[in-house]
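Below is one structure, written out as structure tokens; the observations come after it.
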Amino acid sequence: MGEDKVSYKEIIEKIKPELEKVINFLSRELQKIRTERASPSLVEDIKVDYFGQTFSLKQLAAISIPFPREILVQPWDKSYIEEIVKALEKSSIGANPVVDRHVIRITMPSLSEEFRKDLINLTSEKQEQAKRTIRKWRDEAWGEIQESFRQGKMSEDDKFKGKDELQDLIDDFQEKIKEMVEKKKKEIES
């Protein structure tokens, strides 16, 4: 049994980077959900079709925030303007782009009550996706711990220690998700 022993700590350590990825992904997704304040993350990943190729807006233009509710898009080449405007109009940011010579200005309108509710629902959906992924990793690690116990590579004591430690880790990540989402919902509501 000596060399074949499996440590529950190793199994748990293995999923930590995956759990961190869930948090990082959720963070990026939440940044894309707009509030009253302008932010480059609202538009930088919008897909723009240009001569049969698809680019993200940040590949075709500089994006800045000159005022709290305004996004300024400065295309690297003025030939991009028309396609960028089309992409912005089709996007879900809920703002109208205005061409001002060689730049595109987007003024973020106030959020209607209905739009706020939609954004809160979208935020809750993102939260649910993140929680599901975290649970999937928990189930995978727990399955591995149980399998190691069944194969005699882990003591029953370690199996239960592993279960508790795994649940503590999952609880920490669930709490991070909850805090991130609550913060975003407050931003949307204010």
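Chains: A, B, ... in order of the structure tokens. Residues: from 1 per chain. Ligands: from 1, in order shown.
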Show which residues sit within 9 Å of segment 102-118 of chain A, as a PyMOL selection string. Count only C-alpha atoms, and ignore same-chain residues fewer than 3 positions away.
-> chain A and resi 34-38+68-75+77-78+81+84-85+93-99+121-123+188-189
Write the selection just made, keeping C-alpha atoms, as a compact mmCIF listing (two decimals), in the first residue's frame?
# COMPACT_ATOMS: atom_id res chain seq x y z
CA ARG A 34 -23.01 47.45 -18.35
CA THR A 35 -23.95 49.82 -15.58
CA GLU A 36 -24.47 53.60 -15.85
CA ARG A 37 -20.67 54.00 -16.02
CA ALA A 38 -18.77 53.56 -19.25
CA PRO A 68 -17.83 58.66 -16.85
CA ARG A 69 -20.68 57.89 -19.30
CA GLU A 70 -18.84 58.13 -22.62
CA ILE A 71 -16.77 55.63 -24.57
CA LEU A 72 -14.49 56.95 -27.31
CA VAL A 73 -13.49 54.55 -30.08
CA GLN A 74 -10.60 55.67 -32.28
CA PRO A 75 -10.13 53.25 -35.21
CA ASP A 77 -7.73 53.26 -39.84
CA LYS A 78 -10.74 55.39 -40.82
CA ILE A 81 -15.49 53.20 -39.06
CA ILE A 84 -17.38 49.25 -36.34
CA VAL A 85 -20.57 51.35 -36.20
CA ILE A 93 -24.81 47.65 -25.02
CA GLY A 94 -27.99 49.66 -25.56
CA ALA A 95 -26.28 52.83 -26.78
CA ASN A 96 -26.10 54.58 -30.14
CA PRO A 97 -22.67 55.19 -31.63
CA VAL A 98 -22.15 58.64 -33.16
CA VAL A 99 -19.40 59.28 -35.71
CA ASN A 121 -31.17 38.50 -14.48
CA LEU A 122 -28.14 38.19 -16.78
CA THR A 123 -25.86 38.61 -13.74
CA ILE A 188 -26.47 48.02 -11.80
CA GLU A 189 -29.04 49.25 -9.28
Looking only at strand (DSSP E) from DSSP on the backbone, list the matching residues of segment 26-84 of chain A as a list in words.
-> Lys47, Val48, Asp49, Tyr50, Gln53, Thr54, Phe55, Ser56, Ala61, Ala62, Ile63, Ser64, Ile65, Pro66, Phe67, Glu70, Ile71, Leu72, Val73, Gln74 and Pro75 of chain A
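Neighbouring residues of Phe160 of chain A at 12 Å or closer, counting only C-alpha atoms and skipping chain neighbours under 6 positions away, are Tyr8, Lys9, Trp142, Ile145, Gln146, Phe149, Met154, Leu166 and Gln167 of chain A.
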Go through A:Lys58, A:Arg132, A:Arg28, A:Lys16 one by one, measure the shortest atom-to-atom distance of each to Leu169 of chain A using only C-alpha atoms, and give the residue with the smallest value.
-> A:Lys16
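Here the question is which of A:Gln127, A:Thr133, A:Ser190, A:Ser148 gets nearest to Ile170 of chain A using only C-alpha atoms, and that residue is A:Thr133.
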Would you mind writing down, as an MDAnalysis selection string, each residue of segment 105-190 of chain A that DSSP on the backbone assigns to alpha helix (DSSP H)?
-> chainID A and resid 113:150 156:189
In Å and to one decimal, atom CA of Lys185 of chain A is distant from atom CA of Phe173 of chain A by 18.4 Å
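Excluding Asn24 of chain A itself and any same-chain residue fewer than 3 positions from it, the protein and nucleic acid residues within 12 Å of it, counting only C-alpha atoms, are Pro17, Glu18, Leu19, Glu20, Lys21, Ser27, Arg28, Glu29, Leu30, Gln31, Ala130, Phe173, Lys176, Ile177 and Met180 of chain A.
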Expected file: the selected residues, N, CA and C atoms, as a compact mmCIF listing (two decimals), in the first residue's frame:
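Output (out-v5.txt):
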# COMPACT_ATOMS: atom_id res chain seq x y z
N PRO A 17 -6.52 25.41 -9.56
CA PRO A 17 -6.37 26.30 -10.73
C PRO A 17 -7.65 26.36 -11.57
N GLU A 18 -8.39 25.26 -11.62
CA GLU A 18 -9.65 25.24 -12.38
C GLU A 18 -10.68 26.15 -11.71
N LEU A 19 -10.71 26.13 -10.38
CA LEU A 19 -11.65 26.97 -9.65
C LEU A 19 -11.27 28.45 -9.85
N GLU A 20 -9.97 28.73 -9.86
CA GLU A 20 -9.51 30.11 -10.10
C GLU A 20 -9.94 30.58 -11.50
N LYS A 21 -9.87 29.66 -12.47
CA LYS A 21 -10.29 30.00 -13.84
C LYS A 21 -11.76 30.40 -13.87
N SER A 27 -15.41 37.07 -13.56
CA SER A 27 -15.02 38.47 -13.43
C SER A 27 -15.07 39.18 -14.79
N ARG A 28 -14.51 38.52 -15.81
CA ARG A 28 -14.54 39.12 -17.17
C ARG A 28 -15.96 39.24 -17.69
N GLU A 29 -16.78 38.21 -17.44
CA GLU A 29 -18.17 38.25 -17.90
C GLU A 29 -18.94 39.37 -17.22
N LEU A 30 -18.71 39.57 -15.93
CA LEU A 30 -19.42 40.62 -15.19
C LEU A 30 -18.99 42.01 -15.67
N GLN A 31 -17.72 42.14 -16.07
CA GLN A 31 -17.24 43.44 -16.58
C GLN A 31 -17.96 43.82 -17.86
N ALA A 130 -21.33 29.81 -13.13
CA ALA A 130 -20.09 29.67 -12.35
C ALA A 130 -20.28 28.64 -11.24
N PHE A 173 -14.98 29.41 -2.60
CA PHE A 173 -15.17 29.87 -3.98
C PHE A 173 -16.62 30.30 -4.22
N LYS A 176 -16.89 33.74 -2.87
CA LYS A 176 -16.28 34.74 -3.77
C LYS A 176 -17.25 35.09 -4.90
N ILE A 177 -17.87 34.05 -5.46
CA ILE A 177 -18.83 34.26 -6.56
C ILE A 177 -19.98 35.13 -6.08
N MET A 180 -18.89 38.78 -5.66
CA MET A 180 -18.70 39.44 -6.96
C MET A 180 -20.04 39.82 -7.58
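Of the residues under consideration (A:Leu26, A:Glu140, A:Leu119, A:Asp172), A:Leu119 shows the shortest atom-to-atom contact distance to Glu187 of chain A when counting only C-alpha atoms.
Atom CA of Gln174 of chain A to atom CA of Val6 of chain A spans 26.5 Å [interatomic distance, one decimal].
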Between atom CA of Gln129 of chain A and atom CA of Val43 of chain A, what is the distance, to one decimal in Å?
-> 22.2 Å
Determine the nearest neighbour of Val181 of chain A from the options A:Glu144, A:Glu125, A:Glu165, A:Glu156, counting only C-alpha atoms.
-> A:Glu125
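When only C-alpha atoms are used to compute distances to Asp45 of chain A, the closest of the residues A:Ser91, A:Asp168, A:Lys159, A:Asp4 turns out to be A:Ser91.
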